[in-house]
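What follows is one structure encoded as structure tokens, with my remarks underneath.
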Amino acid sequence: MREIIQEFFKKTLTLRLFWLSTAVILLFILPLFISTAYISLISEMLIMALAGCALNLMMGYTGMVSFGPAGLYAVGAYTTALLLKKTGIPFAATMVAGPIMAGLVGAVVGWFCVRRTAVYFALLTLAFAQIIWTIFFEWYDFTGGDDGTVGFRKPELLLSINSSYYFILLIVIICLILLWIIVNSPFGKTLQAIRENPVRTEFIGVNVKRYQLYAFIISSLFLGAAGSLFAVFSGSVFPDYAHWIKSTDMIVICLLGGMYNFLGPVIGSAVYIFLSKLISGYTMYWMLFLGIIVVFLVLFMRNGIAGFISHKIAPLIQENKETEK
Amino acid sequence: MIEVEGLTKSFGGLTAIDNVYLKFKKRELSSIIGPNGAGKTTLFNLITGHLSPDQGKIIFNGRDITNLPPHEISRVGIGRSFQRQNIFPRLSTFENIQIALFSAKHINGKLFSQAKNMLRDETDEILESVGLTDKKLMQAGYLAYGDQKRLEIGIALAIEPQLLLLDEPTAGMSPRETIEITKLIKKLVKKRGLTLIFIEHDMDIVFGISEKVKVMHQGRIIFEGTPKQVKANAEVQKIYLGKDKK
Amino acid sequence: MDIEAIMGQVLSGLSVGMVLFLIASGLSVIFGTLKILNLAHGTIYMIGGFLCYWITSTFAHIPAIFWLALILGPIATALLGGLIEIFLLRRIYAEEMLYQYILTFGLILILGELCKLIWGVGYHTVSVPWPVDGKMSIFGMIYPVYNIFLICCGVAVFIGLMAVMRFTGLGRIIRAVTFNREMANALGINVPMVYTGVFMLGCWLAGLAGTLMPPMSVVALGTDMAVIIDCFIIVVIGGMGSLSGAFIGAIILGLVNAFGISLLPKLTIAFGFLLMIIILIIRHWGLLGKPE
């Protein structure tokens with residue numbers, strides 16, 4: 001623990017963390033300046049940023065491309081929403097139950113999925129997510145089916161948009177710090193080794209399948225947390241949260257921001273949601289523009305916005321350092 | 001140290017390894033030679049658990065390790081390098097070694113401590129020993145080919161093996177690099193008291209490093225002996241050296 | 001359920017299954033050769049449907065216009081496919097599967113929105129064309145002729161494709177490229193051209209299915225999303241890249257859906273996914289695919 005704090009302060013001195021803390025402070029004082037419409041937009045960005053980072057632990061760091069992250073996100077959302085609607089247990093407990101349930105489902109689903117690789121892994125995650133979608137969609141008596149689970153209680157503290165914004169901000173920051181610690185731990189480095197070369201990783205004594213399963217479960221936990229937050233934020237939960245199109249949204253968010261950068265999905269989420277609101281305000285054909293952006297990304301900017309910045313600017317700094325030597 | 005007893009492996013009717021018996025003594029430097037397709041790499045893959053044999057046993061330090069999965073075989077003290085794909089290209093040279101050390105020290109399951117400065121000295125020491133200290137912050141994929149081979153040996157050493165299996169450690173290298181790498185391997189193996197088995201095409205290296213040479217042909221061991229004996233053996237000359245002189 | 005009802009379900013299951021086969025066979029052939037999972041394949045099918053509606057309604061005065069649409073629609077989608085392959089897909093064969101998936105997802109959005117621009121958001125129907133518009137009786141029971149016609153089309157295309165792959169030089173070339181791209185290249189086969197050709201063939205099949213479907217169903221936005229997931233299920237069940245696998249998979253899924261709807265309507269959607277999961281877990285190369 002002490003070394004984490006030390007590391008934190010050492011980092012604070014570097015430029016990157018200066019900007020990061022400025023951004024966080026800005027996020028905290030933002031409700032003083034802008035209207036609630038924007039605050040709720042930013043809340044949504046924060047939640048999708050968390051979902052993106054959770055997915056990225058699996059996709060960008062471990063190299064396991066999942067087509068079904070939305071399934072686990074929806075498990076988190078439905079767990080919290082249904083507990084709030086059907087039971088009287090404390091709000092905090094429902095917020096914890098969401099990620100835990102997603103983690104459990106992730107453990108079962110992941111146990112099967114890690115036995116397959118590449119396209120078969122991806123298709124298996126897709127099929128499981130669609131099963132989850134079907135359950136929420138068809139189990140009308142319990143989940144409300146297509147009408148969704150709506151009208152569940154919310155603690156009074158979170159009734160205003162600003163206070164729910166602070167709640168979301170706090171949880172998302174805590175989760176992101178946890179994820180940051182994990183990806184920079186020996187465990188996180190081992191995951192990156194698996195991404196780079198699973199066969200070689202096996203031969204340095206790592207049980208690759210087991211580590212992939214761990215990554216799957218951790219990713220599910222945080223996807224579930226994002227789902228729980230979104231349930232509370234929007235006050236309603238629908239089967240389409242689990243749909244493969246929602247999963248694709250999450251993948252696009254990771255790709256847009258940059259998969260090989262910790263904060264990539266955060267940038268991706270902000271840009272994606274901002275653009276979608278902006279363009280859809282002008283035209284009913286906004287998905288056309290989204291499609292063009294996606295195709296452009298794949299063809300010309302595969303490392304996303306973060307990758308673009310670090311590939312264009314970082315090498316210049318690196319070169320300077322090397323010539324100094 | 002390691003014994004292979006009656007090992008057999010076939011792929012769809014084609015016998016790649018045919019009833020092979022081998023024994024390697026502790027701290028012995030041996031090489032396996034033979035024409036392409038003789039089954040050398042398959043033999044390595046069987047020993048390291050990448051493939052499982054149809055028949056036969058592999059005994060390491062008195063323990064039967066046949067059919068153990070690769071990660072466990074690595075843990076009992078067998079390190080290996082591959083012909084290709086040996087490193088973690090998008091990680092730094094330093095991290096390449098460091099992650100292997102995490103595994104060797106059983107700390108790669110740690111979730112909540114910062115990896116950055118862990119095992120720094122141990123990592124630096126290995127980097128130093130393979131001569132990559134000044135390139136430790138480079139992305140490993142951008143290293144020159146020869147340096148990648150050095151890194152690969154470094155990764156294999158990091159798991160603190162007793163037995164080191166190297167699959168063509170000098171393939172594709174320039175003659176100068178080949179000499180350097182050969183010296184490096186010999187030095188490291190002697191210093192750490194390792195047992196070495198390597199597959200090689202280049203006869204200069206084979207005769208330069210190894211104390212024992214095993215000749216493979218069509219999945220069988222056809223000759224064992226010292227480099228001198230191998231050179232003198234007419235059958236080996238006919239099958240192998242005559243055809244595949246470099 | 002009496003025998004008549006069962007036969008009716010079988011028939012409707014088979015006729016939907018055969019349309020799905022036409023789409024899935026294209027997806028499977030493309031995956032087998034190009035190693036690309038084309039999400040936008042369902043959208044090509046949908047475009048085929050819109051083309052069918054557009055041609056038959058615009059030139060309604062021409063007799064037998066549906067049959068003309070059946071020729072022109074698939075050709076148009078094949079040409080569109082050719083453009084997509086040459087200008088987009090060709091750049092990403094070397095990339096990871098993720099990028100291929102997302103690129104073709106982008107295509108879904110673009111093509112879907114273009115359809116919306118051109119044909120609007122409404123539902124369109126196409127009437128069943130002469131001479132397959134009547135009813136006929138088999139073993140004393142009455143069925144729509146068009147369903148029988150669809151089944152015949154599916155079987156005919158299946159036999160035709162198998163024959164082309166097995167017995168013609170073209171088929172040999174495609175199989176060689178599928179088996180080993182480098183080796184085919186070394187043998188002097190123009191691999192990029194084969195890729196374009198196979199992709200166009202796949203899109204032709206999707207367009208054919210798209211043109212055949214409207215008389216039995218509706219033409220509308222969003223049909224692509226439903227169909228592509230069904231095709232994934234079929235291709236996984238049969239084996240990715242296997243033609244006869246797609247045929248069997250389509251029949252299985254068509255029947256499962258037809259009987260499921262009447263027996264266990266709530267669980268029907270789940271059945272397909274369950275089948276897909278089971279296959280991926282115990283035999284991920286599919287019923288008729290080849291293990292790697």
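Chain labels run A, B, ... following the order of the structure tokens; each chain numbers its residues from 1, and ligands are numbered from 1 in the order shown.
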What are the nearest atom pairs, with distances in Å to one decimal, for all residues of chain C that come at most 8 Å from chain A, using only C-alpha atoms, set out by chain and rising residue number as JSON lines?
```
{"residue": "C:Leu88", "atom": "CA", "partner": "A:Leu299", "partner_atom": "CA", "distance": 8.0}
{"residue": "C:Arg91", "atom": "CA", "partner": "A:Leu299", "partner_atom": "CA", "distance": 7.3}
{"residue": "C:Ile92", "atom": "CA", "partner": "A:Leu299", "partner_atom": "CA", "distance": 7.6}
{"residue": "C:Met97", "atom": "CA", "partner": "A:Val119", "partner_atom": "CA", "distance": 7.2}
{"residue": "C:Leu98", "atom": "CA", "partner": "A:Val65", "partner_atom": "CA", "distance": 6.6}
{"residue": "C:Tyr99", "atom": "CA", "partner": "A:Val298", "partner_atom": "CA", "distance": 6.0}
{"residue": "C:Ile102", "atom": "CA", "partner": "A:Val294", "partner_atom": "CA", "distance": 7.2}
{"residue": "C:Leu103", "atom": "CA", "partner": "A:Val295", "partner_atom": "CA", "distance": 5.2}
{"residue": "C:Phe105", "atom": "CA", "partner": "A:Gly291", "partner_atom": "CA", "distance": 7.6}
{"residue": "C:Gly106", "atom": "CA", "partner": "A:Gly291", "partner_atom": "CA", "distance": 4.2}
{"residue": "C:Leu107", "atom": "CA", "partner": "A:Gly291", "partner_atom": "CA", "distance": 6.3}
{"residue": "C:Ile108", "atom": "CA", "partner": "A:Gly291", "partner_atom": "CA", "distance": 7.5}
{"residue": "C:Leu109", "atom": "CA", "partner": "A:Gly291", "partner_atom": "CA", "distance": 5.0}
{"residue": "C:Ile110", "atom": "CA", "partner": "A:Leu288", "partner_atom": "CA", "distance": 4.7}
{"residue": "C:Leu111", "atom": "CA", "partner": "A:Leu288", "partner_atom": "CA", "distance": 7.9}
{"residue": "C:Gly112", "atom": "CA", "partner": "A:Leu288", "partner_atom": "CA", "distance": 8.0}
{"residue": "C:Glu113", "atom": "CA", "partner": "A:Leu288", "partner_atom": "CA", "distance": 5.5}
{"residue": "C:Leu114", "atom": "CA", "partner": "A:Leu288", "partner_atom": "CA", "distance": 7.5}
{"residue": "C:Leu117", "atom": "CA", "partner": "A:Tyr285", "partner_atom": "CA", "distance": 8.0}
{"residue": "C:Lys266", "atom": "CA", "partner": "A:Glu138", "partner_atom": "CA", "distance": 5.9}
{"residue": "C:Leu267", "atom": "CA", "partner": "A:Glu138", "partner_atom": "CA", "distance": 7.7}
{"residue": "C:Ile269", "atom": "CA", "partner": "A:Thr134", "partner_atom": "CA", "distance": 6.8}
{"residue": "C:Ala270", "atom": "CA", "partner": "A:Ile131", "partner_atom": "CA", "distance": 5.8}
{"residue": "C:Phe273", "atom": "CA", "partner": "A:Ala127", "partner_atom": "CA", "distance": 5.4}
{"residue": "C:Leu274", "atom": "CA", "partner": "A:Ile131", "partner_atom": "CA", "distance": 7.5}
{"residue": "C:Met276", "atom": "CA", "partner": "A:Ala127", "partner_atom": "CA", "distance": 6.8}
{"residue": "C:Ile277", "atom": "CA", "partner": "A:Leu124", "partner_atom": "CA", "distance": 6.1}
{"residue": "C:Leu280", "atom": "CA", "partner": "A:Leu124", "partner_atom": "CA", "distance": 6.6}
{"residue": "C:Ile281", "atom": "CA", "partner": "A:Phe112", "partner_atom": "CA", "distance": 6.9}
{"residue": "C:His284", "atom": "CA", "partner": "A:Tyr120", "partner_atom": "CA", "distance": 7.0}
```
Could you write out that same residue set with C-alpha atoms as an mmCIF file, in the first residue's frame?
```cif
data_model
loop_
_atom_site.group_PDB
_atom_site.id
_atom_site.type_symbol
_atom_site.label_atom_id
_atom_site.label_comp_id
_atom_site.auth_asym_id
_atom_site.auth_seq_id
_atom_site.Cartn_x
_atom_site.Cartn_y
_atom_site.Cartn_z
ATOM 1 C CA LEU C 88 -12.300 -1.328 -48.216
ATOM 2 C CA ARG C 91 -6.839 -2.959 -46.995
ATOM 3 C CA ILE C 92 -7.500 -4.945 -43.844
ATOM 4 C CA MET C 97 -10.205 -9.832 -36.677
ATOM 5 C CA LEU C 98 -11.395 -6.981 -34.457
ATOM 6 C CA TYR C 99 -10.757 -4.400 -37.156
ATOM 7 C CA ILE C 102 -15.711 -3.141 -36.743
ATOM 8 C CA LEU C 103 -15.151 -2.094 -40.354
ATOM 9 C CA PHE C 105 -20.096 -2.932 -38.644
ATOM 10 C CA GLY C 106 -19.411 0.555 -40.013
ATOM 11 C CA LEU C 107 -20.662 -0.720 -43.362
ATOM 12 C CA ILE C 108 -23.922 -1.846 -41.740
ATOM 13 C CA LEU C 109 -24.464 1.686 -40.502
ATOM 14 C CA ILE C 110 -23.527 3.361 -43.779
ATOM 15 C CA LEU C 111 -25.487 1.029 -46.058
ATOM 16 C CA GLY C 112 -28.485 0.949 -43.714
ATOM 17 C CA GLU C 113 -28.648 4.728 -43.609
ATOM 18 C CA LEU C 114 -28.326 4.932 -47.383
ATOM 19 C CA LEU C 117 -32.262 7.879 -47.486
ATOM 20 C CA LYS C 266 -40.745 -17.920 -25.517
ATOM 21 C CA LEU C 267 -37.662 -20.061 -25.817
ATOM 22 C CA ILE C 269 -34.882 -17.294 -29.896
ATOM 23 C CA ALA C 270 -32.757 -18.866 -27.198
ATOM 24 C CA PHE C 273 -28.043 -19.371 -29.514
ATOM 25 C CA LEU C 274 -27.966 -22.461 -27.309
ATOM 26 C CA MET C 276 -24.442 -22.183 -31.277
ATOM 27 C CA ILE C 277 -22.942 -22.292 -27.778
ATOM 28 C CA LEU C 280 -18.702 -23.877 -30.061
ATOM 29 C CA ILE C 281 -17.972 -25.676 -26.808
ATOM 30 C CA HIS C 284 -16.110 -25.578 -32.580
#
```
Next on the checklist: as a list in words, please: the residues near Asp121 (chain B) (cut-off 12 Å, only C-alpha atoms, same-chain neighbours under 6 positions excluded).
Outcome noted: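 What passes the distance filter is Phe94, Ile97, Gln98, Leu101, Leu127, Glu128 and Thr133 of chain B.
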Please produce an output containing all heavy atoms for each residue in the selection, written as a compact mmCIF listing (two decimals), in the first residue's frame.
```txt
# COMPACT_ATOMS: atom_id res chain seq x y z
N PHE B 94 12.97 -4.33 -21.16
CA PHE B 94 12.99 -4.51 -19.71
C PHE B 94 11.80 -5.35 -19.25
O PHE B 94 11.95 -6.34 -18.53
CB PHE B 94 12.97 -3.13 -19.04
CG PHE B 94 13.02 -3.17 -17.54
CD1 PHE B 94 14.22 -3.30 -16.87
CD2 PHE B 94 11.85 -3.07 -16.81
CE1 PHE B 94 14.26 -3.33 -15.49
CE2 PHE B 94 11.88 -3.11 -15.42
CZ PHE B 94 13.08 -3.24 -14.76
N ILE B 97 11.85 -9.21 -19.85
CA ILE B 97 12.56 -10.01 -18.86
C ILE B 97 11.82 -9.99 -17.53
O ILE B 97 11.66 -11.02 -16.86
CB ILE B 97 13.98 -9.44 -18.64
CG1 ILE B 97 14.75 -9.38 -19.95
CG2 ILE B 97 14.73 -10.23 -17.59
CD1 ILE B 97 15.27 -10.68 -20.43
N GLN B 98 11.33 -8.80 -17.18
CA GLN B 98 10.70 -8.63 -15.87
C GLN B 98 9.49 -9.56 -15.71
O GLN B 98 9.31 -10.19 -14.67
CB GLN B 98 10.26 -7.17 -15.72
CG GLN B 98 9.90 -6.77 -14.32
CD GLN B 98 9.17 -5.44 -14.29
OE1 GLN B 98 8.57 -5.03 -15.28
NE2 GLN B 98 9.24 -4.76 -13.16
N LEU B 101 10.45 -12.96 -14.98
CA LEU B 101 10.88 -13.07 -13.58
C LEU B 101 9.69 -13.13 -12.63
O LEU B 101 9.70 -13.88 -11.65
CB LEU B 101 11.78 -11.88 -13.21
CG LEU B 101 13.24 -12.00 -13.64
CD1 LEU B 101 13.95 -10.68 -13.44
CD2 LEU B 101 13.94 -13.09 -12.84
N LEU B 127 19.55 -8.48 -18.09
CA LEU B 127 19.77 -7.64 -19.27
C LEU B 127 21.26 -7.44 -19.51
O LEU B 127 21.75 -7.52 -20.63
CB LEU B 127 19.08 -6.28 -19.08
CG LEU B 127 17.57 -6.27 -19.25
CD1 LEU B 127 16.99 -4.94 -18.80
CD2 LEU B 127 17.20 -6.54 -20.70
N GLU B 128 21.98 -7.20 -18.42
CA GLU B 128 23.43 -7.01 -18.49
C GLU B 128 24.08 -8.27 -19.06
O GLU B 128 24.90 -8.21 -19.97
CB GLU B 128 23.93 -6.73 -17.06
CG GLU B 128 25.43 -6.70 -16.91
CD GLU B 128 25.94 -5.29 -17.16
OE1 GLU B 128 25.52 -4.39 -16.43
OE2 GLU B 128 26.76 -5.12 -18.09
N THR B 133 21.59 -3.95 -21.85
CA THR B 133 21.33 -2.90 -20.87
C THR B 133 20.96 -1.57 -21.51
O THR B 133 20.01 -0.91 -21.10
CB THR B 133 22.56 -2.71 -19.97
OG1 THR B 133 22.89 -3.98 -19.41
CG2 THR B 133 22.27 -1.73 -18.86
```
Item to check | Test item: residues at most 12 Å from Met213 (chain C), only C-alpha atoms, excluding those fewer than 6 positions along its chain, as number ranges by chain | outcome: C: 15-20, 22-23, 45-53, 66, 70, 124-129, 146-147, 149-151, 153-154, 206-207, 219-220, 223, 227
Interface list for chain A, partner chain B, 7 Å threshold, only C-alpha atoms, as a tab-separated table (two decimals) with N, CA and C atoms, in the first residue's frame:
```tsv
chain	number	residue	atom	x	y	z
A	4	ILE	N	2.24	2.22	-3.26
A	4	ILE	CA	1.25	2.78	-4.18
A	4	ILE	C	1.16	4.28	-3.96
A	181	ILE	N	-4.51	0.47	-11.22
A	181	ILE	CA	-3.59	-0.29	-10.36
A	181	ILE	C	-3.44	-1.71	-10.91
A	182	ILE	N	-4.56	-2.30	-11.30
A	182	ILE	CA	-4.51	-3.69	-11.77
A	182	ILE	C	-3.67	-3.81	-13.05
A	184	ASN	N	-1.29	-2.09	-14.04
A	184	ASN	CA	0.13	-1.83	-13.82
A	184	ASN	C	0.77	-2.77	-12.81
A	185	SER	N	0.01	-3.76	-12.36
A	185	SER	CA	0.55	-4.71	-11.39
A	185	SER	C	1.25	-5.84	-12.14
A	186	PRO	N	1.98	-6.69	-11.42
A	186	PRO	CA	2.56	-7.86	-12.09
A	186	PRO	C	1.49	-8.67	-12.83
A	187	PHE	N	0.30	-8.74	-12.25
A	187	PHE	CA	-0.80	-9.43	-12.91
A	187	PHE	C	-1.13	-8.77	-14.26
A	189	LYS	N	0.76	-6.88	-16.06
A	189	LYS	CA	1.86	-7.06	-17.02
A	189	LYS	C	1.80	-8.46	-17.63
A	190	THR	N	1.44	-9.44	-16.79
A	190	THR	CA	1.33	-10.80	-17.31
A	190	THR	C	0.22	-10.88	-18.35
A	193	ALA	N	1.59	-9.68	-21.52
A	193	ALA	CA	2.44	-10.70	-22.14
A	193	ALA	C	1.57	-11.71	-22.89
A	196	GLU	N	0.54	-10.30	-26.14
A	196	GLU	CA	1.63	-10.23	-27.10
A	196	GLU	C	1.98	-11.59	-27.67
A	197	ASN	N	1.94	-12.61	-26.84
A	197	ASN	CA	2.43	-13.91	-27.28
A	197	ASN	C	2.01	-15.01	-26.30
A	200	ARG	N	4.40	-18.10	-25.87
A	200	ARG	CA	5.62	-17.81	-25.12
A	200	ARG	C	5.30	-17.65	-23.63
A	202	GLU	N	3.00	-19.08	-21.93
A	202	GLU	CA	2.84	-20.41	-21.37
A	202	GLU	C	4.21	-20.97	-20.96
A	203	PHE	N	5.22	-20.74	-21.80
A	203	PHE	CA	6.55	-21.31	-21.55
A	203	PHE	C	7.39	-20.50	-20.58
A	204	ILE	N	6.84	-19.39	-20.05
A	204	ILE	CA	7.55	-18.83	-18.90
A	204	ILE	C	6.82	-19.24	-17.62
A	205	GLY	N	5.94	-20.22	-17.75
A	205	GLY	CA	5.35	-20.79	-16.54
A	205	GLY	C	4.02	-20.20	-16.13
A	206	VAL	N	3.34	-19.54	-17.06
A	206	VAL	CA	2.05	-18.95	-16.72
A	206	VAL	C	0.92	-19.84	-17.26
A	207	ASN	N	-0.05	-20.13	-16.41
A	207	ASN	CA	-1.23	-20.86	-16.85
A	207	ASN	C	-2.14	-19.88	-17.60
```
Next on the checklist: Run DSSP on the backbone and tell me which residues of region 108-276 of chain C come out as strand (DSSP E or B); list them as an NGL selection string.
Outcome noted: :C and (124 or 135-138 or 141-144 or 219)
